[in-house]
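File shown: entry_39.cif. Contents: mmCIF, N, CA and C atoms.
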data_query
loop_
_atom_site.label_atom_id
_atom_site.label_comp_id
_atom_site.auth_asym_id
_atom_site.auth_seq_id
_atom_site.Cartn_x
_atom_site.Cartn_y
_atom_site.Cartn_z
N MET U 1 250.00 -13.50 -84.72
CA MET U 1 250.37 -14.04 -83.44
C MET U 1 250.38 -12.91 -82.42
N LEU U 2 250.42 -13.29 -81.19
CA LEU U 2 250.29 -12.32 -80.11
C LEU U 2 251.45 -12.43 -79.13
N SER U 3 251.77 -11.31 -78.50
CA SER U 3 252.81 -11.32 -77.47
C SER U 3 252.20 -11.49 -76.08
N GLY U 4 250.89 -11.40 -75.99
CA GLY U 4 250.19 -11.53 -74.73
C GLY U 4 248.70 -11.43 -74.97
N LEU U 5 247.93 -11.41 -73.91
CA LEU U 5 246.47 -11.31 -74.01
C LEU U 5 246.01 -10.16 -73.13
N THR U 6 245.01 -9.42 -73.61
CA THR U 6 244.43 -8.34 -72.81
C THR U 6 242.93 -8.56 -72.74
N ALA U 7 242.30 -7.95 -71.75
CA ALA U 7 240.85 -8.08 -71.61
C ALA U 7 240.11 -7.56 -72.85
N PRO U 8 240.48 -6.40 -73.41
CA PRO U 8 239.79 -5.94 -74.62
C PRO U 8 239.96 -6.90 -75.80
N PHE U 9 241.14 -7.49 -75.94
CA PHE U 9 241.34 -8.44 -77.03
C PHE U 9 240.48 -9.68 -76.82
N LEU U 10 240.46 -10.22 -75.62
CA LEU U 10 239.64 -11.40 -75.33
C LEU U 10 238.16 -11.10 -75.52
N ALA U 11 237.73 -9.88 -75.18
CA ALA U 11 236.33 -9.49 -75.42
C ALA U 11 236.03 -9.46 -76.91
N ALA U 12 236.99 -8.99 -77.71
CA ALA U 12 236.80 -8.97 -79.16
C ALA U 12 236.69 -10.39 -79.71
N VAL U 13 237.52 -11.30 -79.21
CA VAL U 13 237.45 -12.71 -79.63
C VAL U 13 236.09 -13.29 -79.26
N ALA U 14 235.62 -13.01 -78.05
CA ALA U 14 234.31 -13.51 -77.62
C ALA U 14 233.20 -12.96 -78.51
N ASN U 15 233.28 -11.67 -78.85
CA ASN U 15 232.27 -11.07 -79.73
C ASN U 15 232.28 -11.70 -81.11
N GLU U 16 233.48 -11.90 -81.67
CA GLU U 16 233.58 -12.53 -82.99
C GLU U 16 233.02 -13.95 -82.95
N SER U 17 233.36 -14.68 -81.90
CA SER U 17 232.88 -16.05 -81.75
C SER U 17 231.36 -16.10 -81.66
N THR U 18 230.79 -15.20 -80.89
CA THR U 18 229.33 -15.15 -80.75
C THR U 18 228.66 -14.79 -82.07
N TYR U 19 229.17 -13.75 -82.72
CA TYR U 19 228.56 -13.27 -83.96
C TYR U 19 228.66 -14.32 -85.07
N TYR U 20 229.90 -14.78 -85.34
CA TYR U 20 230.07 -15.73 -86.43
C TYR U 20 229.59 -17.13 -86.07
N GLY U 21 229.58 -17.44 -84.78
CA GLY U 21 229.00 -18.71 -84.36
C GLY U 21 227.52 -18.79 -84.71
N ALA U 22 226.81 -17.65 -84.56
CA ALA U 22 225.40 -17.60 -84.92
C ALA U 22 225.22 -17.74 -86.43
N LEU U 23 226.17 -17.21 -87.21
CA LEU U 23 226.09 -17.31 -88.67
C LEU U 23 226.46 -18.70 -89.18
N SER U 24 227.17 -19.46 -88.37
CA SER U 24 227.70 -20.73 -88.86
C SER U 24 226.61 -21.71 -89.26
N GLY U 25 225.41 -21.52 -88.80
CA GLY U 25 224.31 -22.39 -89.20
C GLY U 25 223.74 -22.06 -90.57
N LEU U 26 224.22 -20.97 -91.16
CA LEU U 26 223.74 -20.54 -92.47
C LEU U 26 224.77 -20.90 -93.55
N ASP U 27 224.34 -20.89 -94.77
CA ASP U 27 225.25 -21.05 -95.91
C ASP U 27 226.17 -22.24 -95.77
N SER U 28 225.63 -23.37 -95.35
CA SER U 28 226.35 -24.63 -95.28
C SER U 28 227.32 -24.72 -94.10
N GLY U 29 227.37 -23.68 -93.27
CA GLY U 29 228.30 -23.68 -92.14
C GLY U 29 227.89 -24.65 -91.05
N ILE U 30 228.88 -25.26 -90.40
CA ILE U 30 228.58 -26.17 -89.30
C ILE U 30 229.38 -25.86 -88.04
N LEU U 31 230.42 -25.00 -88.15
CA LEU U 31 231.25 -24.73 -86.98
C LEU U 31 232.02 -23.43 -87.17
N ALA U 32 232.07 -22.63 -86.12
CA ALA U 32 232.96 -21.47 -86.04
C ALA U 32 233.68 -21.58 -84.71
N SER U 33 235.00 -21.69 -84.76
CA SER U 33 235.78 -21.92 -83.55
C SER U 33 236.90 -20.88 -83.44
N TYR U 34 237.04 -20.31 -82.26
CA TYR U 34 238.12 -19.37 -81.94
C TYR U 34 238.87 -19.94 -80.74
N ASP U 35 240.10 -20.35 -80.95
CA ASP U 35 240.87 -21.00 -79.90
C ASP U 35 242.00 -20.08 -79.44
N VAL U 36 241.87 -19.57 -78.22
CA VAL U 36 242.92 -18.76 -77.61
C VAL U 36 243.84 -19.73 -76.89
N GLU U 37 245.13 -19.62 -77.14
CA GLU U 37 246.09 -20.55 -76.56
C GLU U 37 247.04 -19.80 -75.62
N PRO U 38 246.69 -19.72 -74.35
CA PRO U 38 247.48 -18.91 -73.39
C PRO U 38 248.68 -19.66 -72.81
N PHE U 39 249.66 -19.93 -73.67
CA PHE U 39 250.89 -20.57 -73.20
C PHE U 39 251.67 -19.61 -72.30
N LEU U 40 252.58 -20.15 -71.53
CA LEU U 40 253.51 -19.29 -70.80
C LEU U 40 254.29 -18.46 -71.82
N THR U 41 254.48 -17.20 -71.54
CA THR U 41 255.17 -16.34 -72.50
C THR U 41 256.68 -16.57 -72.52
N SER U 42 257.14 -17.54 -71.78
CA SER U 42 258.57 -17.88 -71.78
C SER U 42 258.83 -19.25 -72.39
N TYR U 43 257.84 -19.84 -73.06
CA TYR U 43 258.02 -21.21 -73.54
C TYR U 43 259.17 -21.34 -74.53
N GLY U 44 259.52 -20.28 -75.22
CA GLY U 44 260.59 -20.36 -76.21
C GLY U 44 261.94 -19.85 -75.75
N GLN U 45 262.11 -19.67 -74.46
CA GLN U 45 263.34 -19.04 -73.96
C GLN U 45 264.61 -19.81 -74.31
N TYR U 46 264.51 -21.11 -74.56
CA TYR U 46 265.69 -21.90 -74.89
C TYR U 46 265.71 -22.31 -76.37
N ALA U 47 264.83 -21.74 -77.15
CA ALA U 47 264.73 -22.09 -78.57
C ALA U 47 265.94 -21.58 -79.34
N THR U 48 266.32 -22.35 -80.35
CA THR U 48 267.38 -21.90 -81.25
C THR U 48 266.74 -21.21 -82.44
N ASP U 49 267.54 -20.54 -83.23
CA ASP U 49 267.06 -19.79 -84.38
C ASP U 49 266.37 -20.72 -85.38
N SER U 50 265.23 -20.30 -85.86
CA SER U 50 264.49 -21.08 -86.86
C SER U 50 263.58 -20.14 -87.63
N ALA U 51 262.88 -20.68 -88.62
CA ALA U 51 261.96 -19.86 -89.41
C ALA U 51 260.82 -19.33 -88.54
N PHE U 52 260.38 -20.13 -87.58
CA PHE U 52 259.33 -19.70 -86.66
C PHE U 52 259.99 -19.04 -85.45
N PRO U 53 259.49 -17.90 -85.02
CA PRO U 53 260.14 -17.16 -83.93
C PRO U 53 259.85 -17.72 -82.54
N HIS U 54 260.25 -18.96 -82.28
CA HIS U 54 259.99 -19.59 -80.98
C HIS U 54 260.54 -18.77 -79.82
N ALA U 55 261.71 -18.18 -80.02
CA ALA U 55 262.36 -17.44 -78.93
C ALA U 55 261.51 -16.29 -78.43
N ASP U 56 260.64 -15.76 -79.29
CA ASP U 56 259.75 -14.67 -78.89
C ASP U 56 258.53 -15.16 -78.13
N SER U 57 258.35 -16.49 -78.06
CA SER U 57 257.22 -17.12 -77.38
C SER U 57 255.86 -16.54 -77.80
N PRO U 58 255.60 -16.49 -79.12
CA PRO U 58 254.32 -15.93 -79.55
C PRO U 58 253.15 -16.83 -79.16
N LEU U 59 252.00 -16.21 -78.99
CA LEU U 59 250.77 -16.94 -78.66
C LEU U 59 249.90 -17.00 -79.91
N PRO U 60 249.67 -18.19 -80.45
CA PRO U 60 248.83 -18.29 -81.63
C PRO U 60 247.34 -18.20 -81.28
N LEU U 61 246.57 -17.76 -82.23
CA LEU U 61 245.11 -17.76 -82.12
C LEU U 61 244.60 -18.56 -83.31
N ASN U 62 243.86 -19.61 -83.06
CA ASN U 62 243.34 -20.45 -84.13
C ASN U 62 241.90 -20.06 -84.41
N VAL U 63 241.66 -19.54 -85.61
CA VAL U 63 240.30 -19.25 -86.08
C VAL U 63 239.98 -20.34 -87.09
N TYR U 64 238.97 -21.15 -86.80
CA TYR U 64 238.66 -22.30 -87.63
C TYR U 64 237.17 -22.35 -87.90
N TYR U 65 236.83 -22.43 -89.17
CA TYR U 65 235.42 -22.59 -89.56
C TYR U 65 235.30 -23.88 -90.37
N ALA U 66 234.16 -24.50 -90.28
CA ALA U 66 233.89 -25.69 -91.10
C ALA U 66 232.54 -25.51 -91.77
N TRP U 67 232.45 -25.99 -93.00
CA TRP U 67 231.21 -25.93 -93.76
C TRP U 67 231.15 -27.15 -94.66
N GLU U 68 229.97 -27.45 -95.16
CA GLU U 68 229.77 -28.70 -95.88
C GLU U 68 229.95 -28.60 -97.39
N LEU U 69 229.49 -27.54 -98.01
CA LEU U 69 229.44 -27.47 -99.46
C LEU U 69 230.56 -26.61 -100.05
N ALA U 70 231.25 -27.15 -101.05
CA ALA U 70 232.37 -26.45 -101.69
C ALA U 70 231.94 -25.13 -102.32
N GLU U 71 230.68 -25.00 -102.69
CA GLU U 71 230.23 -23.75 -103.32
C GLU U 71 230.31 -22.57 -102.35
N PHE U 72 230.48 -22.85 -101.06
CA PHE U 72 230.61 -21.78 -100.07
C PHE U 72 232.06 -21.54 -99.62
N ASP U 73 233.02 -22.19 -100.27
CA ASP U 73 234.43 -22.03 -99.90
C ASP U 73 234.86 -20.57 -99.89
N GLU U 74 234.62 -19.87 -100.97
CA GLU U 74 235.06 -18.48 -101.07
C GLU U 74 234.39 -17.61 -100.00
N TYR U 75 233.11 -17.84 -99.77
CA TYR U 75 232.38 -17.06 -98.77
C TYR U 75 232.98 -17.25 -97.38
N TRP U 76 233.14 -18.51 -96.94
CA TRP U 76 233.62 -18.77 -95.58
C TRP U 76 235.09 -18.39 -95.41
N ARG U 77 235.89 -18.58 -96.44
CA ARG U 77 237.29 -18.14 -96.34
C ARG U 77 237.35 -16.62 -96.21
N GLY U 78 236.48 -15.93 -96.92
CA GLY U 78 236.41 -14.47 -96.81
C GLY U 78 235.97 -14.03 -95.43
N VAL U 79 234.99 -14.73 -94.86
CA VAL U 79 234.52 -14.41 -93.51
C VAL U 79 235.65 -14.63 -92.49
N MET U 80 236.36 -15.75 -92.63
CA MET U 80 237.49 -16.00 -91.72
C MET U 80 238.54 -14.90 -91.82
N GLN U 81 238.89 -14.53 -93.06
CA GLN U 81 239.91 -13.50 -93.24
C GLN U 81 239.45 -12.17 -92.66
N GLN U 82 238.18 -11.85 -92.85
CA GLN U 82 237.63 -10.60 -92.29
C GLN U 82 237.75 -10.61 -90.76
N SER U 83 237.44 -11.72 -90.15
CA SER U 83 237.52 -11.83 -88.70
C SER U 83 238.97 -11.75 -88.22
N VAL U 84 239.87 -12.44 -88.90
CA VAL U 84 241.29 -12.38 -88.55
C VAL U 84 241.82 -10.96 -88.70
N ASP U 85 241.43 -10.27 -89.78
CA ASP U 85 241.87 -8.89 -89.99
C ASP U 85 241.40 -7.99 -88.85
N TYR U 86 240.15 -8.16 -88.45
CA TYR U 86 239.61 -7.35 -87.36
C TYR U 86 240.35 -7.62 -86.04
N LEU U 87 240.54 -8.90 -85.73
CA LEU U 87 241.24 -9.24 -84.49
C LEU U 87 242.70 -8.78 -84.52
N SER U 88 243.30 -8.78 -85.69
CA SER U 88 244.66 -8.26 -85.83
C SER U 88 244.70 -6.77 -85.52
N GLU U 89 243.69 -6.04 -85.98
CA GLU U 89 243.63 -4.60 -85.68
C GLU U 89 243.45 -4.35 -84.18
N VAL U 90 242.60 -5.16 -83.55
CA VAL U 90 242.42 -5.03 -82.10
C VAL U 90 243.75 -5.32 -81.40
N ALA U 91 244.44 -6.38 -81.82
CA ALA U 91 245.73 -6.73 -81.21
C ALA U 91 246.75 -5.60 -81.41
N ARG U 92 246.74 -4.98 -82.58
CA ARG U 92 247.65 -3.85 -82.81
C ARG U 92 247.33 -2.70 -81.85
N SER U 93 246.05 -2.40 -81.72
CA SER U 93 245.66 -1.29 -80.83
C SER U 93 246.00 -1.60 -79.37
N GLU U 94 246.03 -2.88 -79.02
CA GLU U 94 246.39 -3.31 -77.67
C GLU U 94 247.90 -3.53 -77.52
N GLU U 95 248.61 -3.33 -78.62
CA GLU U 95 250.07 -3.50 -78.65
C GLU U 95 250.52 -4.92 -78.27
N ILE U 96 249.75 -5.91 -78.72
CA ILE U 96 250.11 -7.31 -78.49
C ILE U 96 250.27 -8.08 -79.80
N TRP U 97 250.13 -7.38 -80.93
CA TRP U 97 250.25 -8.03 -82.24
C TRP U 97 251.70 -8.29 -82.57
N MET U 98 251.98 -9.46 -83.14
CA MET U 98 253.34 -9.81 -83.58
C MET U 98 253.29 -10.20 -85.05
N GLU U 99 254.33 -9.83 -85.78
CA GLU U 99 254.43 -10.20 -87.18
C GLU U 99 254.52 -11.72 -87.30
N GLY U 100 253.97 -12.25 -88.38
CA GLY U 100 254.04 -13.68 -88.64
C GLY U 100 252.75 -14.37 -88.26
N ALA U 101 252.63 -15.62 -88.69
CA ALA U 101 251.44 -16.42 -88.40
C ALA U 101 251.90 -17.85 -88.11
N TYR U 102 251.20 -18.52 -87.24
CA TYR U 102 251.51 -19.92 -86.95
C TYR U 102 251.09 -20.73 -88.17
N VAL U 103 252.05 -21.40 -88.79
CA VAL U 103 251.82 -22.02 -90.09
C VAL U 103 250.66 -23.02 -90.08
N ASN U 104 250.46 -23.75 -89.00
CA ASN U 104 249.37 -24.73 -88.95
C ASN U 104 247.99 -24.07 -88.94
N TYR U 105 247.94 -22.78 -88.60
CA TYR U 105 246.66 -22.08 -88.53
C TYR U 105 246.49 -21.07 -89.66
N ALA U 106 247.49 -20.89 -90.49
CA ALA U 106 247.44 -19.87 -91.54
C ALA U 106 246.49 -20.29 -92.67
N LEU U 107 245.82 -19.30 -93.23
CA LEU U 107 244.97 -19.55 -94.38
C LEU U 107 245.84 -19.85 -95.60
N SER U 108 245.31 -20.59 -96.55
CA SER U 108 246.08 -20.99 -97.72
C SER U 108 246.49 -19.80 -98.59
N THR U 109 245.89 -18.66 -98.39
CA THR U 109 246.21 -17.47 -99.19
C THR U 109 247.40 -16.70 -98.63
N TYR U 110 247.92 -17.09 -97.49
CA TYR U 110 249.01 -16.34 -96.85
C TYR U 110 250.32 -16.51 -97.62
N THR U 111 251.14 -15.49 -97.55
CA THR U 111 252.46 -15.50 -98.18
C THR U 111 253.52 -15.90 -97.16
N GLY U 112 254.70 -16.19 -97.66
CA GLY U 112 255.82 -16.48 -96.76
C GLY U 112 256.09 -15.33 -95.81
N ASN U 113 255.97 -14.09 -96.30
CA ASN U 113 256.18 -12.93 -95.44
C ASN U 113 255.17 -12.89 -94.30
N GLN U 114 253.92 -13.23 -94.59
CA GLN U 114 252.89 -13.21 -93.55
C GLN U 114 253.12 -14.31 -92.51
N ILE U 115 253.62 -15.43 -92.94
CA ILE U 115 253.80 -16.56 -92.03
C ILE U 115 255.08 -16.43 -91.21
N TYR U 116 256.18 -16.19 -91.89
CA TYR U 116 257.47 -16.21 -91.22
C TYR U 116 257.98 -14.83 -90.82
N GLY U 117 257.31 -13.78 -91.28
CA GLY U 117 257.82 -12.43 -91.07
C GLY U 117 258.77 -12.08 -92.20
N VAL U 118 258.89 -10.83 -92.51
CA VAL U 118 259.69 -10.38 -93.66
C VAL U 118 261.14 -10.83 -93.54
N GLU U 119 261.74 -10.65 -92.38
CA GLU U 119 263.16 -10.98 -92.20
C GLU U 119 263.40 -12.49 -92.33
N ASN U 120 262.60 -13.30 -91.66
CA ASN U 120 262.77 -14.75 -91.74
C ASN U 120 262.47 -15.28 -93.14
N ALA U 121 261.45 -14.74 -93.80
CA ALA U 121 261.13 -15.19 -95.16
C ALA U 121 262.29 -14.89 -96.10
N ALA U 122 262.92 -13.73 -95.95
CA ALA U 122 264.07 -13.39 -96.79
C ALA U 122 265.21 -14.38 -96.55
N ARG U 123 265.45 -14.73 -95.30
CA ARG U 123 266.50 -15.70 -94.96
C ARG U 123 266.18 -17.07 -95.55
N LEU U 124 264.91 -17.47 -95.50
CA LEU U 124 264.51 -18.75 -96.07
C LEU U 124 264.66 -18.77 -97.59
N ARG U 125 264.40 -17.63 -98.24
CA ARG U 125 264.57 -17.55 -99.69
C ARG U 125 266.05 -17.76 -100.08
N VAL U 126 266.96 -17.21 -99.30
CA VAL U 126 268.39 -17.39 -99.56
C VAL U 126 268.74 -18.87 -99.43
N ILE U 127 268.25 -19.52 -98.40
CA ILE U 127 268.50 -20.96 -98.20
C ILE U 127 267.89 -21.76 -99.35
N GLN U 128 266.66 -21.41 -99.72
CA GLN U 128 265.98 -22.11 -100.81
C GLN U 128 266.76 -21.95 -102.12
N ASP U 129 267.23 -20.75 -102.41
CA ASP U 129 267.99 -20.51 -103.64
C ASP U 129 269.28 -21.34 -103.67
N GLU U 130 269.90 -21.53 -102.52
CA GLU U 130 271.14 -22.29 -102.46
C GLU U 130 270.91 -23.79 -102.60
N TYR U 131 269.91 -24.33 -101.89
CA TYR U 131 269.72 -25.77 -101.83
C TYR U 131 268.66 -26.32 -102.78
N ASP U 132 267.82 -25.46 -103.30
CA ASP U 132 266.77 -25.90 -104.22
C ASP U 132 266.57 -24.84 -105.31
N PRO U 133 267.64 -24.56 -106.08
CA PRO U 133 267.57 -23.47 -107.06
C PRO U 133 266.52 -23.69 -108.15
N ASP U 134 266.15 -24.94 -108.42
CA ASP U 134 265.15 -25.21 -109.45
C ASP U 134 263.73 -25.29 -108.89
N GLY U 135 263.58 -25.11 -107.59
CA GLY U 135 262.26 -25.11 -106.97
C GLY U 135 261.57 -26.46 -106.96
N VAL U 136 262.36 -27.53 -106.96
CA VAL U 136 261.78 -28.88 -106.98
C VAL U 136 260.90 -29.10 -105.76
N MET U 137 261.41 -28.80 -104.58
CA MET U 137 260.63 -29.05 -103.37
C MET U 137 259.42 -28.12 -103.28
N SER U 138 259.55 -26.92 -103.77
CA SER U 138 258.41 -25.99 -103.75
C SER U 138 257.28 -26.53 -104.62
N GLY U 139 257.64 -27.13 -105.74
CA GLY U 139 256.63 -27.66 -106.65
C GLY U 139 256.04 -28.97 -106.19
N LEU U 140 256.85 -29.81 -105.56
CA LEU U 140 256.39 -31.15 -105.17
C LEU U 140 255.79 -31.20 -103.77
N ALA U 141 256.38 -30.45 -102.86
CA ALA U 141 255.96 -30.56 -101.47
C ALA U 141 254.73 -29.73 -101.15
N GLY U 142 254.41 -28.78 -102.00
CA GLY U 142 253.25 -27.93 -101.71
C GLY U 142 253.58 -26.96 -100.59
N GLY U 143 252.57 -26.50 -99.92
CA GLY U 143 252.79 -25.57 -98.82
C GLY U 143 252.80 -24.13 -99.28
N PHE U 144 253.35 -23.28 -98.45
CA PHE U 144 253.33 -21.85 -98.69
C PHE U 144 254.53 -21.42 -99.52
N VAL U 145 254.32 -20.51 -100.43
CA VAL U 145 255.39 -19.98 -101.26
C VAL U 145 256.20 -19.00 -100.42
N ILE U 146 257.50 -19.24 -100.37
CA ILE U 146 258.37 -18.36 -99.59
C ILE U 146 258.71 -17.21 -100.43
#

Represent the structure from my file as structure tokens, please.
Amino acid sequence: MLSGLTAPFLAAVANESTYYGALSGLDSGILASYDVEPFLTSYGQYATDSAFPHADSPLPLNVYYAWELAEFDEYWRGVMQQSVDYLSEVARSEEIWMEGAYVNYALSTYTGNQIYGVENAARLRVIQDEYDPDGVMSGLAGGFVI
């Protein structure tokens, strides 16, 4: 997630979109989408404490690829992760990177620490241990492992 947007970061997103958009026609790919969501940076000013850091008003970036054949799942997921890793490095260098990931946009390989941040994930584990010590909801509900 991001704390803001800078011209170099947006240029990097445009470059990734152009490069991987051209590749999307290969290897069963049909779409490469990079969605920058420039919300007001104060949208969470009245938020209460939760697993997601609304109060920090983070800006999510949705990187979404679509492809037709399951045999290319590993390839396209790897390409998406490579692009996200690169954009994360650019965001760090621009000092706009924030810990955590917007859960609706997170890859299935992400951990609770990556999604909620280390501190929030630890707090969620304490709650989970108290209210679901046998892991019933973790096993039945699916989702990300905290």

Problem - Expansion of the PyMOL selection byres (((chain U and resi 87 and name CA) around 10) and name CA) into residues, as a PyMOL selection string - result: chain U and resi 9-10+12-13+16+61+81-86+88-93+97

Exercise for the section: Could you find all residues in chain U that DSSP calls strand (DSSP E) from the backbone, and write them as a ChimeraX atom specification? Expected result: /U:29-36,61-67

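Comparing U:Val126, U:Ile115, U:Ala70, U:Leu2 by their smallest distance to Ala101 of chain U, the closest is U:Ile115 (using all atoms listed in the file).
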
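The coordinates place atom CA of Tyr34 of chain U at 11.5 Å from atom CA of Tyr19 of chain U.
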
Exercise for the section: Give as number ranges by chain the residues that the PyMOL selection byres ((chain U and resi 4-6) around 8) matches when applied to the coordinates above. Expected result: U: 1-3, 7-12, 38, 41, 57-59, 94-98
